[in-house]
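Asks: Got a file for you: query_1.cif, mmCIF, C-alpha atoms.
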data_work
#
loop_
_atom_site.label_atom_id
_atom_site.label_comp_id
_atom_site.auth_asym_id
_atom_site.auth_seq_id
_atom_site.Cartn_x
_atom_site.Cartn_y
_atom_site.Cartn_z
CA MET A 270 5.58 -6.13 -152.06
CA SER A 271 8.08 -5.05 -149.41
CA SER A 272 7.47 -1.90 -147.36
CA SER A 273 10.37 -0.12 -149.14
CA ARG A 274 8.98 -0.95 -152.58
CA ALA A 275 5.50 0.12 -151.50
CA GLY A 276 6.91 3.40 -150.26
CA ALA A 277 8.73 3.95 -153.55
CA ALA A 278 5.50 3.29 -155.44
CA ARG A 279 3.71 5.90 -153.38
CA ARG A 280 6.46 8.44 -154.02
CA ARG A 281 6.63 7.82 -157.78
CA PHE A 282 5.43 10.80 -159.79
CA TYR A 283 1.95 10.20 -161.17
CA TYR A 284 1.48 11.15 -164.83
CA GLY A 285 -2.01 12.41 -164.11
CA TRP A 286 -0.56 15.54 -162.55
CA LEU A 287 0.83 16.49 -166.00
CA ILE A 288 -2.77 16.43 -167.26
CA VAL A 289 -3.70 18.74 -164.38
CA LEU A 290 -0.80 21.02 -165.33
CA GLY A 291 -2.10 21.11 -168.90
CA TYR A 292 -5.54 22.08 -167.58
CA LEU A 293 -4.00 24.85 -165.49
CA LEU A 294 -1.90 26.28 -168.36
CA ALA A 295 -4.88 26.13 -170.73
CA GLY A 296 -6.84 28.19 -168.22
CA VAL A 297 -4.02 30.71 -167.89
CA ALA A 298 -3.45 31.23 -171.62
CA GLY A 299 -6.96 30.62 -172.93
CA SER A 300 -8.96 32.70 -170.48
CA GLY A 301 -6.14 35.22 -170.16
CA ALA A 302 -6.15 36.03 -173.86
CA MET A 303 -9.82 35.56 -174.74
CA LEU A 304 -11.51 36.83 -171.59
CA TRP A 305 -9.46 38.65 -168.96
CA GLY A 306 -6.98 40.36 -171.22
CA PHE A 307 -9.52 40.97 -173.98
CA GLN A 308 -11.71 43.34 -171.98
CA VAL A 309 -8.75 45.68 -171.35
CA PHE A 310 -8.36 46.01 -175.15
CA VAL A 311 -11.98 47.11 -175.71
CA THR A 312 -11.49 50.83 -175.05
CA PRO A 313 -8.20 51.37 -176.95
CA MET A 314 -9.40 49.30 -179.92
CA SER A 315 -12.73 51.15 -179.94
CA ASP A 316 -10.97 54.52 -179.82
CA GLU A 317 -8.60 53.77 -182.70
CA LEU A 318 -10.92 51.77 -184.93
CA GLY A 319 -14.06 53.81 -184.22
CA TRP A 320 -16.14 50.77 -183.23
CA SER A 321 -18.82 50.59 -180.52
CA ARG A 322 -18.63 48.26 -177.52
CA GLY A 323 -21.29 46.09 -179.14
CA THR A 324 -19.16 45.76 -182.28
CA ILE A 325 -16.06 44.80 -180.29
CA TYR A 326 -17.99 42.21 -178.28
CA SER A 327 -19.93 40.85 -181.27
CA VAL A 328 -17.15 38.37 -182.07
CA THR A 329 -17.65 36.67 -178.70
CA LEU A 330 -21.16 35.70 -179.80
CA PHE A 331 -20.02 34.01 -183.02
CA ARG A 332 -16.84 32.56 -181.50
CA THR A 333 -18.64 30.96 -178.59
CA LEU A 334 -21.26 29.43 -180.91
CA LEU A 335 -18.56 27.97 -183.12
CA VAL A 336 -16.59 26.75 -180.09
CA GLY A 337 -19.71 24.99 -178.86
CA ALA A 338 -20.18 23.25 -182.20
CA LEU A 339 -16.54 22.15 -182.24
CA ILE A 340 -16.71 20.91 -178.65
CA VAL A 341 -19.42 18.42 -179.65
CA LEU A 342 -16.88 16.71 -181.92
CA LEU A 343 -13.68 17.32 -179.98
CA ALA A 344 -15.07 16.18 -176.62
CA ARG A 345 -15.87 12.79 -178.15
CA LEU A 346 -12.28 12.54 -179.35
CA MET A 347 -11.16 12.84 -175.72
CA ASP A 348 -12.64 9.35 -175.20
CA ARG A 349 -10.35 7.93 -177.92
CA ARG A 350 -6.80 6.91 -177.24
CA ARG A 351 -4.66 8.70 -179.84
CA TRP A 352 -6.54 11.97 -180.31
CA PRO A 353 -5.98 14.11 -177.16
CA PRO A 354 -2.35 15.13 -177.88
CA ILE A 355 -3.13 15.81 -181.56
CA VAL A 356 -6.15 17.99 -180.77
CA MET A 357 -4.38 19.87 -177.98
CA THR A 358 -1.20 20.58 -179.96
CA VAL A 359 -2.89 21.78 -183.16
CA SER A 360 -5.33 23.92 -181.16
CA SER A 361 -2.55 25.46 -179.08
CA VAL A 362 -0.65 26.61 -182.17
CA VAL A 363 -3.79 27.98 -183.84
CA LEU A 364 -4.82 29.83 -180.66
CA GLY A 365 -1.45 31.52 -180.26
CA LEU A 366 -1.26 32.56 -183.91
CA SER A 367 -4.83 33.88 -183.91
CA VAL A 368 -4.06 36.13 -180.94
CA ILE A 369 -0.89 37.43 -182.58
CA ALA A 370 -2.87 38.13 -185.77
CA LEU A 371 -5.19 40.51 -183.87
CA SER A 372 -2.34 43.00 -183.97
CA LEU A 373 -2.96 43.35 -187.72
CA VAL A 374 -6.67 44.23 -187.51
CA ASN A 375 -7.84 47.30 -189.47
CA ALA A 376 -11.20 46.09 -190.80
CA TYR A 377 -14.03 44.13 -189.22
CA TRP A 378 -13.62 41.15 -191.58
CA GLN A 379 -10.07 40.73 -190.33
CA TYR A 380 -11.24 40.97 -186.74
CA PHE A 381 -13.89 38.31 -187.46
CA LEU A 382 -11.41 36.02 -189.22
CA PHE A 383 -8.81 36.11 -186.45
CA SER A 384 -11.18 36.16 -183.46
CA VAL A 385 -13.94 33.86 -184.67
CA VAL A 386 -12.74 31.55 -187.44
CA LEU A 387 -9.22 30.91 -186.15
CA GLY A 388 -9.86 31.85 -182.53
CA SER A 389 -12.67 29.35 -182.10
CA VAL A 390 -10.57 26.48 -183.47
CA GLY A 391 -7.80 27.33 -181.02
CA PHE A 392 -9.98 28.05 -178.02
CA ALA A 393 -12.18 24.96 -178.45
CA GLY A 394 -9.19 22.66 -178.11
CA ALA A 395 -6.75 24.64 -176.01
CA GLY A 396 -9.02 26.84 -173.89
CA GLY A 397 -9.45 24.34 -171.06
CA GLN A 398 -12.92 22.89 -171.66
CA LEU A 399 -11.65 19.59 -173.07
CA TYR A 400 -9.51 19.05 -169.98
CA GLN A 401 -12.75 18.85 -168.00
CA ALA A 402 -13.36 15.58 -169.84
CA LEU A 403 -9.77 14.37 -169.31
CA VAL A 404 -8.81 15.18 -165.72
CA PRO A 405 -11.71 13.17 -164.19
CA LYS A 406 -10.51 10.11 -166.12
CA TRP A 407 -7.18 10.29 -164.29
CA PHE A 408 -8.58 10.82 -160.80
CA VAL A 409 -11.42 9.39 -158.73
CA ARG A 410 -10.44 9.57 -155.07
CA LEU A 411 -8.46 12.81 -155.62
CA ARG A 412 -10.78 14.20 -158.29
CA GLY A 413 -11.92 17.25 -156.33
CA LYS A 414 -8.38 18.28 -155.49
CA ALA A 415 -7.11 17.67 -159.05
CA ILE A 416 -9.87 19.70 -160.69
CA ALA A 417 -9.50 22.48 -158.12
CA PHE A 418 -5.77 22.75 -158.86
CA GLY A 419 -6.28 22.59 -162.63
CA SER A 420 -9.09 25.13 -162.64
CA ALA A 421 -6.80 27.61 -160.85
CA GLY A 422 -5.42 28.49 -164.28
CA THR A 423 -8.33 30.80 -165.02
CA ALA A 424 -7.70 32.55 -161.71
CA ILE A 425 -4.04 33.06 -162.60
CA GLY A 426 -5.15 34.39 -165.98
CA ALA A 427 -7.50 36.86 -164.29
CA PHE A 428 -4.75 37.94 -161.90
CA VAL A 429 -1.99 38.38 -164.50
CA TYR A 430 -3.47 39.26 -167.88
CA PRO A 431 -5.48 42.45 -167.17
CA THR A 432 -2.46 44.10 -165.57
CA LEU A 433 -0.10 42.67 -168.21
CA ALA A 434 -2.34 43.96 -171.01
CA ASP A 435 -2.75 47.37 -169.35
CA ILE A 436 1.00 47.86 -168.85
CA THR A 437 1.86 46.64 -172.36
CA ILE A 438 -0.81 48.81 -174.00
CA ASP A 439 0.45 51.88 -172.14
CA ALA A 440 4.04 51.17 -173.11
CA TYR A 441 3.73 49.90 -176.69
CA GLY A 442 0.10 50.19 -177.83
CA TRP A 443 -2.65 47.59 -178.17
CA ARG A 444 -1.24 46.03 -181.36
CA THR A 445 2.08 45.09 -179.78
CA ALA A 446 0.23 43.95 -176.66
CA TRP A 447 -1.67 41.35 -178.71
CA VAL A 448 1.64 40.02 -180.07
CA VAL A 449 3.06 39.68 -176.55
CA ILE A 450 -0.01 37.82 -175.31
CA GLY A 451 -0.03 35.52 -178.35
CA VAL A 452 3.64 34.58 -177.94
CA ILE A 453 3.04 33.81 -174.25
CA SER A 454 0.10 31.58 -175.21
CA LEU A 455 2.26 29.60 -177.63
CA ALA A 456 5.01 29.17 -175.04
CA LEU A 457 2.62 28.01 -172.31
CA LEU A 458 0.40 25.68 -174.33
CA THR A 459 2.39 23.93 -177.04
CA PRO A 460 4.98 21.92 -175.03
CA ILE A 461 2.50 20.47 -172.52
CA SER A 462 0.02 19.62 -175.30
CA LEU A 463 2.45 17.07 -176.74
CA LEU A 464 2.37 15.16 -173.43
CA ILE A 465 -1.40 14.86 -173.01
CA ARG A 466 -2.85 11.34 -172.84
CA ARG A 467 -6.44 10.10 -172.62
CA SER A 468 -6.45 8.00 -169.43
CA PRO A 469 -4.13 6.24 -166.96
CA GLU A 470 -5.02 2.86 -168.42
CA ASP A 471 -3.36 3.92 -171.70
CA LEU A 472 -0.04 4.05 -169.84
CA GLY A 473 -0.63 0.95 -167.75
CA LEU A 474 -1.59 3.02 -164.71
CA LEU A 475 -4.61 3.26 -162.42
CA PRO A 476 -6.60 6.36 -161.39
CA ASP A 477 -5.04 8.50 -158.63
CA GLY A 478 -1.66 6.80 -159.14
CA ASP A 479 -2.71 3.79 -157.08
CA SER A 480 -0.88 0.50 -157.37
CA VAL A 481 -2.91 -2.66 -158.02
CA GLU A 482 -2.57 -3.59 -154.34
CA GLN A 483 -3.73 -0.16 -153.20
CA ALA A 484 -6.71 -0.23 -155.55
CA GLN A 485 -7.74 -3.69 -154.33
CA ALA A 486 -7.40 -2.65 -150.70
CA ARG A 487 -9.52 0.47 -151.26
CA ARG A 488 -12.21 -1.50 -153.09
CA ALA A 489 -12.34 -4.02 -150.28
CA ASP A 490 -12.58 -1.26 -147.68
CA ALA A 491 -15.31 0.51 -149.66
CA ALA A 492 -17.27 -2.75 -149.98
CA GLN A 493 -17.10 -3.31 -146.23
CA ARG A 494 -18.49 0.19 -145.65
CA GLY A 495 -21.20 -0.26 -148.27
CA ILE A 496 -19.77 2.29 -150.70
CA ALA A 497 -20.36 1.30 -154.32
CA GLU A 498 -17.78 1.86 -157.04
CA GLU A 499 -18.31 4.71 -159.49
CA HIS A 500 -20.62 3.73 -162.33
CA SER A 501 -20.15 5.15 -165.84
CA PHE A 502 -23.42 5.91 -167.61
CA ARG A 503 -23.62 5.81 -171.38
CA PRO A 504 -24.80 8.97 -173.20
CA SER A 505 -28.00 7.24 -174.28
CA GLU A 506 -28.81 6.31 -170.67
CA VAL A 507 -28.60 9.76 -169.11
CA LEU A 508 -31.17 11.30 -171.47
CA ARG A 509 -34.15 9.78 -169.67
CA TYR A 510 -33.36 11.16 -166.23
CA ARG A 511 -34.84 14.41 -164.91
CA THR A 512 -31.61 15.04 -163.01
CA THR A 513 -29.68 15.30 -166.28
CA TRP A 514 -31.90 18.08 -167.57
CA PHE A 515 -31.84 19.89 -164.23
CA ILE A 516 -28.03 19.93 -164.46
CA VAL A 517 -28.19 21.18 -168.06
CA LEU A 518 -30.55 24.00 -167.06
CA ALA A 519 -28.41 24.95 -164.06
CA THR A 520 -25.25 25.17 -166.19
CA MET A 521 -27.10 27.19 -168.82
CA LEU A 522 -28.22 29.69 -166.18
CA ALA A 523 -24.69 30.00 -164.79
CA ALA A 524 -23.06 30.55 -168.20
CA PRO A 525 -24.11 34.22 -168.65
CA THR A 526 -22.24 35.14 -165.48
CA MET A 527 -19.17 33.04 -166.20
CA ILE A 528 -18.80 34.34 -169.76
CA GLY A 529 -20.89 37.51 -170.06
CA LEU A 530 -20.37 39.22 -166.71
CA THR A 531 -16.67 38.48 -166.47
CA SER A 532 -16.00 39.74 -170.01
CA ASN A 533 -17.76 43.04 -169.24
CA TRP A 534 -16.31 43.83 -165.82
CA ALA A 535 -13.49 46.15 -166.88
CA VAL A 536 -15.76 48.06 -169.23
CA HIS A 537 -18.47 48.36 -166.55
CA PHE A 538 -16.05 49.78 -164.00
CA GLN A 539 -14.81 52.31 -166.53
CA SER A 540 -18.42 53.26 -167.31
CA ILE A 541 -19.03 54.22 -163.66
CA GLY A 542 -15.95 56.44 -163.47
CA PHE A 543 -12.93 54.23 -162.83
CA THR A 544 -9.78 54.51 -164.95
CA ARG A 545 -8.69 51.63 -167.17
CA THR A 546 -5.87 50.86 -164.71
CA GLU A 547 -8.29 50.83 -161.76
CA ALA A 548 -10.66 48.54 -163.65
CA ALA A 549 -7.81 46.18 -164.50
CA THR A 550 -6.73 46.20 -160.84
CA VAL A 551 -10.21 45.15 -159.71
CA VAL A 552 -10.20 42.25 -162.17
CA SER A 553 -6.72 41.24 -161.02
CA THR A 554 -7.94 41.34 -157.41
CA TYR A 555 -10.69 38.95 -158.43
CA GLY A 556 -8.05 36.69 -159.98
CA ALA A 557 -5.91 36.61 -156.83
CA ALA A 558 -8.89 35.79 -154.62
CA SER A 559 -10.16 33.24 -157.14
CA LEU A 560 -6.82 31.47 -157.01
CA VAL A 561 -7.11 31.08 -153.24
CA SER A 562 -10.74 29.98 -153.58
CA ARG A 563 -9.84 26.88 -155.63
CA LEU A 564 -8.09 25.40 -152.60
CA LEU A 565 -11.02 26.24 -150.33
CA TRP A 566 -13.68 24.82 -152.64
CA GLY A 567 -11.50 21.79 -153.41
CA TYR A 568 -11.38 21.05 -149.66
CA PHE A 569 -15.18 20.98 -149.43
CA LEU A 570 -15.60 19.04 -152.68
CA ASP A 571 -13.41 16.24 -151.35
CA ARG A 572 -15.64 15.96 -148.27
CA HIS A 573 -19.17 16.68 -149.47
CA HIS A 574 -21.31 15.65 -152.41
CA VAL A 575 -20.95 18.10 -155.29
CA ARG A 576 -24.72 18.69 -155.42
CA GLY A 577 -24.84 20.23 -151.94
CA VAL A 578 -21.74 22.33 -152.59
CA ALA A 579 -23.26 23.58 -155.88
CA VAL A 580 -26.47 24.65 -154.12
CA VAL A 581 -24.55 26.65 -151.51
CA HIS A 582 -22.36 28.16 -154.22
CA ALA A 583 -25.36 29.34 -156.26
CA GLY A 584 -26.78 31.13 -153.23
CA LEU A 585 -23.48 32.83 -152.45
CA THR A 586 -23.03 33.90 -156.08
CA ALA A 587 -26.44 35.57 -156.05
CA CYS A 588 -25.29 37.55 -152.99
CA THR A 589 -22.11 38.68 -154.76
CA ILE A 590 -24.14 40.08 -157.66
CA LEU A 591 -26.14 42.11 -155.14
CA PHE A 592 -22.78 43.36 -153.84
CA LEU A 593 -21.78 44.38 -157.38
CA LEU A 594 -24.85 46.59 -157.62
CA LEU A 595 -23.61 48.54 -154.56
CA VAL A 596 -20.10 49.28 -155.88
CA ASP A 597 -19.56 53.04 -156.11
CA THR A 598 -15.94 53.67 -155.06
CA PHE A 599 -12.62 52.08 -155.94
CA ALA A 600 -12.16 50.75 -152.39
CA VAL A 601 -15.56 49.06 -152.48
CA ALA A 602 -14.77 47.71 -155.95
CA LEU A 603 -11.58 46.09 -154.65
CA ALA A 604 -13.54 44.50 -151.81
CA TYR A 605 -16.11 43.28 -154.31
CA GLY A 606 -13.38 41.81 -156.52
CA ALA A 607 -11.97 39.86 -153.58
CA VAL A 608 -15.36 38.53 -152.46
CA GLN A 609 -16.43 37.70 -156.01
CA GLY A 610 -13.17 35.83 -156.56
CA LEU A 611 -13.60 33.74 -153.42
CA VAL A 612 -17.11 32.75 -154.46
CA LEU A 613 -17.27 32.68 -158.24
CA GLY A 614 -13.87 31.03 -158.55
CA GLY A 615 -15.36 27.93 -156.99
CA TYR A 616 -17.66 27.33 -159.96
CA LEU A 617 -14.81 26.21 -162.19
CA ALA A 618 -13.94 23.55 -159.62
CA ILE A 619 -17.57 22.55 -159.08
CA GLN A 620 -18.86 22.39 -162.66
CA PRO A 621 -16.54 19.63 -164.01
CA LEU A 622 -17.21 17.54 -160.90
CA ILE A 623 -20.96 17.73 -161.42
CA TRP A 624 -20.67 15.86 -164.71
CA SER A 625 -18.06 13.31 -163.65
CA ASN A 626 -19.52 12.54 -160.21
CA PHE A 627 -23.05 12.13 -161.53
CA PHE A 628 -22.25 10.24 -164.74
CA GLY A 629 -18.84 8.54 -164.27
CA ARG A 630 -15.63 8.85 -166.26
CA ALA A 631 -15.70 6.32 -169.11
CA TYR A 632 -17.98 8.28 -171.49
CA LEU A 633 -17.48 11.72 -170.00
CA GLY A 634 -16.25 13.32 -173.22
CA ALA A 635 -19.26 12.14 -175.19
CA ILE A 636 -21.71 13.24 -172.48
CA ARG A 637 -20.11 16.67 -172.11
CA GLY A 638 -20.08 17.07 -175.87
CA ALA A 639 -23.73 16.05 -176.23
CA PHE A 640 -24.94 18.77 -173.88
CA ALA A 641 -22.37 21.45 -174.75
CA PRO A 642 -24.63 23.18 -177.33
CA PHE A 643 -27.19 24.04 -174.64
CA GLN A 644 -24.68 25.86 -172.48
CA THR A 645 -22.87 27.30 -175.48
CA ALA A 646 -25.99 28.91 -176.94
CA VAL A 647 -26.52 30.92 -173.76
CA ALA A 648 -22.83 31.65 -173.20
CA ALA A 649 -22.43 32.84 -176.79
CA ALA A 650 -25.10 35.49 -176.50
CA ALA A 651 -24.24 36.71 -173.00
CA PRO A 652 -21.23 39.03 -173.61
CA PHE A 653 -22.88 40.71 -176.58
CA VAL A 654 -26.34 40.95 -174.95
CA ILE A 655 -24.90 42.42 -171.75
CA ALA A 656 -22.80 44.94 -173.70
CA ALA A 657 -25.75 45.83 -175.95
CA SER A 658 -28.00 46.19 -172.90
CA ALA A 659 -25.50 48.61 -171.38
CA ASP A 660 -25.50 50.62 -174.61
CA ALA A 661 -29.32 50.67 -174.69
CA PHE A 662 -29.92 51.54 -171.02
CA ASP A 663 -26.66 53.43 -170.49
CA SER A 664 -26.12 51.14 -167.50
CA TYR A 665 -25.19 47.55 -166.73
CA ARG A 666 -27.64 47.33 -163.81
CA PRO A 667 -30.60 45.76 -165.72
CA ALA A 668 -28.31 42.96 -166.93
CA PHE A 669 -26.95 42.41 -163.42
CA PHE A 670 -30.48 42.02 -162.02
CA ALA A 671 -31.16 39.38 -164.67
CA LEU A 672 -28.01 37.49 -163.65
CA LEU A 673 -29.16 37.56 -160.03
CA LEU A 674 -32.42 35.90 -161.02
CA PHE A 675 -30.57 33.28 -163.08
CA TRP A 676 -28.52 32.17 -160.06
CA LEU A 677 -31.61 31.81 -157.89
CA LEU A 678 -33.16 29.58 -160.55
CA ALA A 679 -29.91 27.60 -160.87
CA LEU A 680 -29.97 27.00 -157.12
CA GLY A 681 -33.42 25.44 -157.43
CA PHE A 682 -32.44 23.18 -160.30
CA MET A 683 -29.29 21.90 -158.56
CA TYR A 684 -31.31 21.21 -155.42
CA GLY A 685 -33.62 19.04 -157.51
CA ALA A 686 -30.74 17.15 -159.19
CA ARG A 687 -30.76 13.87 -157.26
CA PRO A 688 -28.01 11.25 -157.81
CA LEU A 689 -28.90 8.85 -160.61
CA PRO A 690 -29.92 5.29 -159.74
CA ARG A 691 -27.60 2.59 -161.04
CA PRO A 692 -29.15 0.50 -163.79
CA GLU A 693 -29.18 -2.62 -161.62
CA ALA A 694 -30.88 -0.67 -158.80
CA ALA A 695 -33.49 0.71 -161.19
CA LYS A 696 -34.30 -2.82 -162.45
CA ALA A 697 -34.55 -4.14 -158.91
CA GLY A 698 -37.03 -1.39 -158.07
CA GLY A 699 -39.12 -1.97 -161.16
CA GLY A 700 -37.98 1.22 -162.88
#
Take the structure I supplied and represent it as structure tokens, if you would.
Replies:
Amino acid sequence: MSSSRAGAARRRFYYGWLIVLGYLLAGVAGSGAMLWGFQVFVTPMSDELGWSRGTIYSVTLFRTLLVGALIVLLARLMDRRRWPPIVMTVSSVVLGLSVIALSLVNAYWQYFLFSVVLGSVGFAGAGGQLYQALVPKWFVRLRGKAIAFGSAGTAIGAFVYPTLADITIDAYGWRTAWVVIGVISLALLTPISLLIRRSPEDLGLLPDGDSVEQAQARRADAAQRGIAEEHSFRPSEVLRYRTTWFIVLATMLAAPTMIGLTSNWAVHFQSIGFTRTEAATVVSTYGAASLVSRLLWGYFLDRHHVRGVAVVHAGLTACTILFLLLVDTFAVALAYGAVQGLVLGGYLAIQPLIWSNFFGRAYLGAIRGAFAPFQTAVAAAAPFVIAASADAFDSYRPAFFALLLFWLLALGFMYGARPLPRPEAAKAGGG
């Protein structure tokens, strides 16, 4: 290949970046509607409908459980050629319509139907989790950067949706606000869903957009330096390793913070004397800082093994929860939001890499799906348990102390998660 043709190949747009864009938009619309925007609706919905915080949050328990059950099936479909665009498109439409339907709620059965039955179908496919099984298939060398960029969607959702929901509720009421958020979700998710594909090989491409010559040159260089190619473990193989279960336990311990704490922030800040607008501003500050953090954590993930980065991250997250316990003024709350965003935002870049870098990309959907129920069971209970704990103790502090302990335990489990031996290495060593 001539130098001009090689240069043109390098400049050609790589389809994998469309998959990253889909991941980003799913994070914006999914987390924005179901997590970041949702908590701003708790107080006005509670006031009009006469429901407690526990009642409002109860749907998150059932929805997350159902999402987890659906992920077991849908994640496996991400390993099959024709299913990703079908799953993503149908889920995107259902998610948008379920959010719009929340504007019609007058009775709890309606709230349950729209939030749990329809919402779980939409969120399972279009909420971003399935992209964690797709993006690593498209990238190996640039995997850290690609996941960091894609995971920034949740940060954008945290930055935009609380303020958007607050302004729209003030201007038009919470019912119209749900319609606005639902229409935005449809507009963001549906077009990109039609373009989603399983892997670069399905389009005659190679991971990272490499040409055949580039891939051969990189393999030769890696062989000279003694760097082995990525190995893809089968689901049945990973079950026997202690590392696998350490990773499962670490992700289970992180889930209550990622789902439970974040969904209760706005309500917590209002409970200690902040206005709804101030609470939304703190959450938006978190979102802005979290957006910046994806680039920072992506930089380290491209240069260091994900295990070491995850250990450091767990320690820093424990420190941020201590910081949360000290928040007593709006200025301190804004500082906390910024620090929490810089730290906690990194988890959504780290967590997908843990699975792909330890287990490879070929069977990633099946592996993620197999272990999803463990994380889902904890994540499902967290928002409701934290809200119920606050009702029982008239304070969120007991729940925050529990989250602090969880992160210290997660740190220990990730430290013990050693890279898996390749099957040929295990046979050579007698194991």
Asks: For the file shown, what are the residues hit by the PyMOL selection byres ((chain A and resi 626-635) around 7), laid out as an mmCIF file with C-alpha atoms, in the coordinates of the input?
Replies:
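out02.cif, freshly written:
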data_model
loop_
_atom_site.group_PDB
_atom_site.id
_atom_site.type_symbol
_atom_site.label_atom_id
_atom_site.label_comp_id
_atom_site.auth_asym_id
_atom_site.auth_seq_id
_atom_site.Cartn_x
_atom_site.Cartn_y
_atom_site.Cartn_z
ATOM 1 C CA ALA A 344 -15.070 16.180 -176.620
ATOM 2 C CA ARG A 345 -15.870 12.790 -178.150
ATOM 3 C CA MET A 347 -11.160 12.840 -175.720
ATOM 4 C CA ASP A 348 -12.640 9.350 -175.200
ATOM 5 C CA ALA A 402 -13.360 15.580 -169.840
ATOM 6 C CA PRO A 405 -11.710 13.170 -164.190
ATOM 7 C CA LYS A 406 -10.510 10.110 -166.120
ATOM 8 C CA GLU A 499 -18.310 4.710 -159.490
ATOM 9 C CA HIS A 500 -20.620 3.730 -162.330
ATOM 10 C CA SER A 501 -20.150 5.150 -165.840
ATOM 11 C CA PHE A 502 -23.420 5.910 -167.610
ATOM 12 C CA ARG A 503 -23.620 5.810 -171.380
ATOM 13 C CA PRO A 504 -24.800 8.970 -173.200
ATOM 14 C CA LEU A 622 -17.210 17.540 -160.900
ATOM 15 C CA ILE A 623 -20.960 17.730 -161.420
ATOM 16 C CA TRP A 624 -20.670 15.860 -164.710
ATOM 17 C CA SER A 625 -18.060 13.310 -163.650
ATOM 18 C CA ILE A 636 -21.710 13.240 -172.480
ATOM 19 C CA ARG A 637 -20.110 16.670 -172.110
ATOM 20 C CA GLY A 638 -20.080 17.070 -175.870
ATOM 21 C CA ALA A 639 -23.730 16.050 -176.230
ATOM 22 C CA PRO A 688 -28.010 11.250 -157.810
ATOM 23 C CA LEU A 689 -28.900 8.850 -160.610
#
Asks: Which residues are near Pro642 in chain A? Cut-off 10 Å, only C-alpha atoms, ignore same chain within fewer than 4 positions. Put them as a PyMOL selection string.
Replies: chain A and resi 333-341+521+637-638+646-649
Asks: Using CA of Ile655 in chain A and CA of Thr329 in chain A as the two end points, give the distance in Å to one decimal.
Replies: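 Answer for the CA of Ile655 in chain A to CA of Thr329 in chain A separation: 11.6 Å.
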Asks: Which polymer residues have any atom within 7 Å of an atom of Val368 in chain A, counting all atoms listed in the file, with same-chain residues fewer than 4 positions away left out, as number ranges by chain?
Replies: A: 364, 447-448, 451
Asks: For the interface of range 556-675 of chain A with range 418-428 of chain A (cut-off 12 Å, counting only C-alpha atoms), please tabulate each contacting residue of range 556-675 of chain A alongside its nearest pair of atoms and their separation in Å to one decimal, rows sorted by chain and increasing number, as CSV.
Replies:
residue,atom,partner,partner_atom,distance
A:Gly556,CA,A:Phe428,CA,4.0
A:Ala557,CA,A:Phe428,CA,5.4
A:Ala558,CA,A:Ala424,CA,7.9
A:Ser559,CA,A:Ala424,CA,5.2
A:Leu560,CA,A:Ala424,CA,4.9
A:Val561,CA,A:Ala421,CA,8.4
A:Ser562,CA,A:Ala421,CA,8.6
A:Arg563,CA,A:Ala421,CA,6.1
A:Leu564,CA,A:Phe418,CA,7.2
A:Leu565,CA,A:Phe418,CA,10.6
A:Trp566,CA,A:Phe418,CA,10.3
A:Gly567,CA,A:Phe418,CA,8.0
A:Tyr568,CA,A:Phe418,CA,10.9
A:Gly606,CA,A:Phe428,CA,10.9
A:Ala607,CA,A:Phe428,CA,11.2
A:Gln609,CA,A:Ala424,CA,11.6
A:Gly610,CA,A:Ala424,CA,8.2
A:Leu611,CA,A:Ala424,CA,10.2
A:Val612,CA,A:Ala424,CA,11.9
A:Leu613,CA,A:Ala424,CA,10.2
A:Gly614,CA,A:Ala424,CA,7.1
A:Gly615,CA,A:Ser420,CA,8.9
A:Tyr616,CA,A:Ser420,CA,9.2
A:Leu617,CA,A:Ser420,CA,5.8
A:Ala618,CA,A:Ser420,CA,5.9
A:Ile619,CA,A:Ser420,CA,9.6
A:Gln620,CA,A:Ser420,CA,10.1
A:Pro621,CA,A:Ser420,CA,9.4
A:Leu622,CA,A:Ser420,CA,11.3
Asks: Go ahead and write the residues just picked, C-alpha atoms, as a tab-separated table (two decimals), in the coordinates of the input.
Replies:
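Output (part-v3.tsv):
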chain	number	residue	atom	x	y	z
A	556	GLY	CA	-8.05	36.69	-159.98
A	557	ALA	CA	-5.91	36.61	-156.83
A	558	ALA	CA	-8.89	35.79	-154.62
A	559	SER	CA	-10.16	33.24	-157.14
A	560	LEU	CA	-6.82	31.47	-157.01
A	561	VAL	CA	-7.11	31.08	-153.24
A	562	SER	CA	-10.74	29.98	-153.58
A	563	ARG	CA	-9.84	26.88	-155.63
A	564	LEU	CA	-8.09	25.40	-152.60
A	565	LEU	CA	-11.02	26.24	-150.33
A	566	TRP	CA	-13.68	24.82	-152.64
A	567	GLY	CA	-11.50	21.79	-153.41
A	568	TYR	CA	-11.38	21.05	-149.66
A	606	GLY	CA	-13.38	41.81	-156.52
A	607	ALA	CA	-11.97	39.86	-153.58
A	609	GLN	CA	-16.43	37.70	-156.01
A	610	GLY	CA	-13.17	35.83	-156.56
A	611	LEU	CA	-13.60	33.74	-153.42
A	612	VAL	CA	-17.11	32.75	-154.46
A	613	LEU	CA	-17.27	32.68	-158.24
A	614	GLY	CA	-13.87	31.03	-158.55
A	615	GLY	CA	-15.36	27.93	-156.99
A	616	TYR	CA	-17.66	27.33	-159.96
A	617	LEU	CA	-14.81	26.21	-162.19
A	618	ALA	CA	-13.94	23.55	-159.62
A	619	ILE	CA	-17.57	22.55	-159.08
A	620	GLN	CA	-18.86	22.39	-162.66
A	621	PRO	CA	-16.54	19.63	-164.01
A	622	LEU	CA	-17.21	17.54	-160.90
Asks: Could you check how far CA of Arg467 in chain A sits from CA of Arg410 in chain A, in Å to one decimal?
Replies: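 CA of Arg410 in chain A lies at a distance of 18.0 Å from CA of Arg467 in chain A.
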